[in-house]
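**Student:** Take this structure, written in structure tokens, and hold onto it; I'll ask about it next.
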Amino acid sequence: MDLFSHSWLPFIYQYSFGLLIFGGGLFAIFIAYGSQKFWAEYKTWVLVLIWGFIYVSSIHLLMTIAALNNTPQLYLVILSGYLLTTLILSRYVR
Amino acid sequence: MTPEIATSPLFWGILIFYVAFVLGAGLFFARNNQSTEDFFFGGRRFSWWLIGMSMLATGVGSHSFAKYASKGFEYGFSSTMTYMNDWFFMPLLLFGWIPIIYYMKVNSIPEYFERRFNSTVRNLSTFTMILYLIGYIGIGLLALGSLLQPILGWEIETIIIVIALIAGIYVSLGGQTAIIFTDFIQGVVLLFAGLLIFGLGIAYLGGFDIFWNALSTTNKLPLADFNSPPDFNFVGVFWQDGIVGSVGFAFMNQAVIMRFLSSRSVVHARRATMMNVLVFLPIGTVAVSNAGWVARAITNTSTGVIAETTNPNTIFTVVAGIVASSEAVFAFLVAAVVAALMSSLDSQINASAAVVVNDIYTPRAKNPSEKTRLRVSMLTSAIVTVVGIGAAFLFAQYGTIYEAHGAFHSVVTPPMVTIIFLGIFWPRFSSQAAVLSFVIGSVFIVLGLIYPFELISPFAHGIEFVEEKPYSYIRALYNLVACVSIGVIVTLFTKPPKNYDDIKGLTLWTIKDGAEYFKGSKVNPNAGITITVPGSEIRVSEDKNNKVCLPKRYMDEIKGNPGDLIYISDKRWYLGGLKSTHANLGSVTKFDGVIISKDVYKHAQFNLSKDLIIELEV
């Protein structure tokens, strides 16, 4: 059974548009605030924004691999990522 | 099975305790409301964790348990996909929209439209926003009534009236503060209940391995098939819920806007949003969907427990009835669904009242006093509740209006989202373009409803055309393209503004002016410095102003100047900002302690035996 249209095609579509919107938004705020000033003032926030994108896309990536290869153990990796994200957001973002 | 459990004294005891709790919260927090800013924005003083959880509770309604559990039952894990796109918009939301509305003190979307464009856009958006919010209230009430009717055995109209009255009373009395605190509790309850049913379901099946193996590969994939079936395909849902819905919720939903404005600062609004999307929402996604996954696994492993023909919309209640190990657990699960509705309903009532008072009453009244505005706000909340009941009755009487509301939603959201987005990010986007995006955009959207094959097919991505419900999701892409195209074309064919002074602070490119506007003077680069002051050093003066005077040692430590904005709060973090307020720094005092005015003391309701923190703002 060909599952490409049920797995990787929607994944590629979603994250292509997602990267465009996310990257465009990040670029726009860098320009609007002044890139050097923005980086100096909001470095942690920018890193968390980028981490958030990687984290969200990795959830879909790992869920897709887990389903296609019958490896539910990957959900432990997702859970670890969740706990790490919670720790980062609650302790380091001010 | 369910009616027997429902009529037990324990079941009723748990529900009555819950109702007493929310009504008690309304009465308790009523004393915090001294102005409309308190009533609608809770005095703009709450911490990120309260705001974040209450945002989740606002987003998850009783219809979420019905809708996502049913999709989970039909299609598996892909029922979660609509919740996972919000992060794409975070840079623009956190550093564009939130500072704009917070610093420019925008109280509603229609108000933003008048300040950014003109009064015509404000009036158009006020009308549509109120219709949308009241429709939302009516649908929520009807969804809960339908869910509870087989359990309680009452007439659906009676359930709607009782639920609406409970919500109406505590919202009319307690305002935003009551909503935020009860939503926090309700958010925790609904997350816990959602996960509890998952745990019970796994236990019922005999373990995670059995659950996993009972689902097919397609059930376990996180995204739906690209373009089929017509009623649940990836690309349609991506554009409707993932793009238009996500932007609509974060940028346009008045209840969410009011959460941002209830935060103690822009930083706390940003943290709340981040936590909501990355921490609370993933759990919420599992909580509202998993009853459907469990039902699918039960159906695939045991014949006769859940019939394939079961109405998917009732799957949450069906699974709760099967896996709940006791009456108390079942009653708790039902109470959680009631909590889900309450936490959405209260926010929509308060948001509707805010739009009515801010955009209809205040511009037309002749300088009403703050006391009058507060009374009108409370009265409006009550009236909105009654109108919401009427809307629910209407939807109940004419079943097809439920779908009509969905169609109405798809008509209203794209023009509003387009105008907000182009308004924020394109300073040249003109008032004429905004009006025409609204009016002509709506015409094109209606034409899309009448001629779906001719107009929407080019955007369909290969989705099959179904006569009864043509392109039910992907039409969002057509609607969006129509509105954006009109906005861009009209702007390019009209003269650009001669100067942009009128929109200072209202677009991303003029955002630097916002902080100065908020403060009313030059920004202090030392903002963020915080000091702790023992309660024993505080003295309350009889002055009726909004000032706090510090001795030189504290003034040096905080690096503030007279006139600077400060946030002063009880140090106990778990109060979440309940005992806090914003004030201005007064002149340096010779008294070796902190002098706060009577107004500041009264508004913050400090306990002077406790330490306070003072933070320099902006």
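Going by the structure tokens order, chains are called A, B, ..., each with residues numbered from 1, while ligands are numbered from 1 in the order shown.
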Just want the 8 Å neighbourhood of Leu74 (chain A), counted on only C-alpha atoms, with same-chain residues fewer than 5 positions away dropped. Output as a ChimeraX atom specification.

**Tutor:** /A:62-63,66

**Student:** Selection from above, N, CA and C atoms, as a PDB file, in the first residue's frame, can you write it?

**Tutor:**
```pdb
ATOM      1  N   LEU A  62       8.614  12.184  13.856  1.00  0.00           N
ATOM      2  CA  LEU A  62       8.765  10.941  14.630  1.00  0.00           C
ATOM      3  C   LEU A  62       7.475  10.111  14.634  1.00  0.00           C
ATOM      4  N   MET A  63       6.327  10.814  14.695  1.00  0.00           N
ATOM      5  CA  MET A  63       5.053  10.082  14.649  1.00  0.00           C
ATOM      6  C   MET A  63       4.904   9.351  13.316  1.00  0.00           C
ATOM      7  N   ALA A  66       7.282   6.402  13.307  1.00  0.00           N
ATOM      8  CA  ALA A  66       6.770   5.382  14.239  1.00  0.00           C
ATOM      9  C   ALA A  66       5.635   4.585  13.597  1.00  0.00           C
TER      10      ALA A  66
END
```

**Student:** Using only C-alpha atoms, determine which residues lie at most 12 Å from region 594-598 of chain B, disregarding the query and same-chain residues fewer than 3 positions distant; provide the list as a ChimeraX atom specification.

**Tutor:** /B:531-555,566,568,581-591,601-606,608,611-614

**Student:** Near chain B, which residues of chain A fall within 6 Å when you count only C-alpha atoms, and what do they look like as a ChimeraX atom specification?

**Tutor:** /A:5-6,10,18,21-22,25-26,32,64,67

**Student:** Okay, now the selection with C-alpha atoms, as a tab-separated table (two decimals), in the first residue's frame?

**Tutor:**
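Result file is result_28.tsv:
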```
chain	number	residue	atom	x	y	z
A	5	SER	CA	0.12	10.76	0.01
A	6	HIS	CA	-0.84	9.96	3.61
A	10	PRO	CA	1.37	16.24	3.65
A	18	GLY	CA	5.32	26.51	7.54
A	21	ILE	CA	5.53	31.68	7.02
A	22	PHE	CA	7.79	31.18	10.03
A	25	GLY	CA	7.87	36.31	10.03
A	26	LEU	CA	11.27	36.00	11.67
A	32	ALA	CA	11.40	45.96	11.74
A	64	THR	CA	5.22	9.39	10.91
A	67	ALA	CA	3.61	4.61	12.25
```

**Student:** I'd like the neighbourhood of Phe493 (chain B) as a PDB file with C-alpha atoms, in the first residue's frame, where a residue qualifies if any of its atoms comes within 12 Å (using only C-alpha atoms), though same-chain residues fewer than 6 positions away should be ignored.

**Tutor:**
```
ATOM      1  CA  ARG B 428       0.572  51.322   2.643  1.00  0.00           C
ATOM      2  CA  PHE B 429      -2.544  49.105   2.945  1.00  0.00           C
ATOM      3  CA  SER B 430      -5.227  51.780   2.802  1.00  0.00           C
ATOM      4  CA  GLN B 432     -10.347  52.053   0.965  1.00  0.00           C
ATOM      5  CA  ALA B 433      -8.621  48.721   0.436  1.00  0.00           C
ATOM      6  CA  ILE B 486      -8.703  42.642  -3.529  1.00  0.00           C
ATOM      7  CA  GLY B 487      -6.736  44.257  -0.703  1.00  0.00           C
TER       8      GLY B 487
END
```

**Student:** Pick out each residue of region 386-608 of chain B that DSSP on the backbone tags as strand (DSSP E or B); I need them as a list in words.

**Tutor:**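 Residues meeting the strand (DSSP E or B) criterion: Thr530, Ile531, Thr532, Val533, Ile538, Arg539, Val540, Lys547, Val548, Cys549, Leu565, Ile566, Tyr567, Ile568, Ser569, Asp570, Ser580, Thr581, His582, Ala583, Asn584, Leu585, Val594, Ile595 and Ile596 of chain B.
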
**Student:** Mind writing the picked residues with C-alpha atoms as a PDB file, in the first residue's frame?

**Tutor:**
```pdb
ATOM      1  CA  THR B 530      13.151  44.284  40.115  1.00  0.00           C
ATOM      2  CA  ILE B 531      13.549  44.957  43.848  1.00  0.00           C
ATOM      3  CA  THR B 532      11.977  43.325  46.891  1.00  0.00           C
ATOM      4  CA  VAL B 533      10.532  45.500  49.639  1.00  0.00           C
ATOM      5  CA  ILE B 538       5.405  50.194  53.365  1.00  0.00           C
ATOM      6  CA  ARG B 539       3.283  53.174  54.410  1.00  0.00           C
ATOM      7  CA  VAL B 540      -0.056  54.075  52.839  1.00  0.00           C
ATOM      8  CA  LYS B 547       1.906  57.049  42.711  1.00  0.00           C
ATOM      9  CA  VAL B 548       4.470  55.071  44.633  1.00  0.00           C
ATOM     10  CA  CYS B 549       7.344  57.009  46.235  1.00  0.00           C
ATOM     11  CA  LEU B 565       5.911  53.104  35.132  1.00  0.00           C
ATOM     12  CA  ILE B 566       6.263  50.352  37.724  1.00  0.00           C
ATOM     13  CA  TYR B 567       4.519  47.073  38.467  1.00  0.00           C
ATOM     14  CA  ILE B 568       4.069  46.487  42.197  1.00  0.00           C
ATOM     15  CA  SER B 569       2.978  43.100  43.444  1.00  0.00           C
ATOM     16  CA  ASP B 570       2.693  40.750  46.391  1.00  0.00           C
ATOM     17  CA  SER B 580      -0.788  43.729  42.231  1.00  0.00           C
ATOM     18  CA  THR B 581      -1.189  46.866  40.153  1.00  0.00           C
ATOM     19  CA  HIS B 582       0.587  49.253  37.829  1.00  0.00           C
ATOM     20  CA  ALA B 583       1.624  52.671  39.149  1.00  0.00           C
ATOM     21  CA  ASN B 584       3.923  55.620  38.493  1.00  0.00           C
ATOM     22  CA  LEU B 585       7.059  56.446  40.415  1.00  0.00           C
ATOM     23  CA  VAL B 594       8.041  53.041  50.489  1.00  0.00           C
ATOM     24  CA  ILE B 595       4.967  55.293  50.389  1.00  0.00           C
ATOM     25  CA  ILE B 596       2.063  54.068  48.298  1.00  0.00           C
TER      26      ILE B 596
END
```

**Student:** Please provide as a PyMOL selection string all residues within 10 Å of Ser437 (chain B), with the sequence filter that same-chain residues fewer than 6 positions apart are discarded (counting only C-alpha atoms).

**Tutor:** chain B and resi 414-416+418-419+431+443-444+482-490

**Student:** Quote the spacing between CA of Ser80 (chain A) and CA of Leu3 (chain A) in Å to one decimal place.

**Tutor:**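 So the two atoms, CA of Ser80 (chain A) and CA of Leu3 (chain A), lie 27.6 Å apart.
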
**Student:** So, counting only C-alpha atoms, which residue among B:Gly24, B:Gly153, B:Gly284, B:Gly593 is closest to Ala178 (chain B)?

**Tutor:** B:Gly24
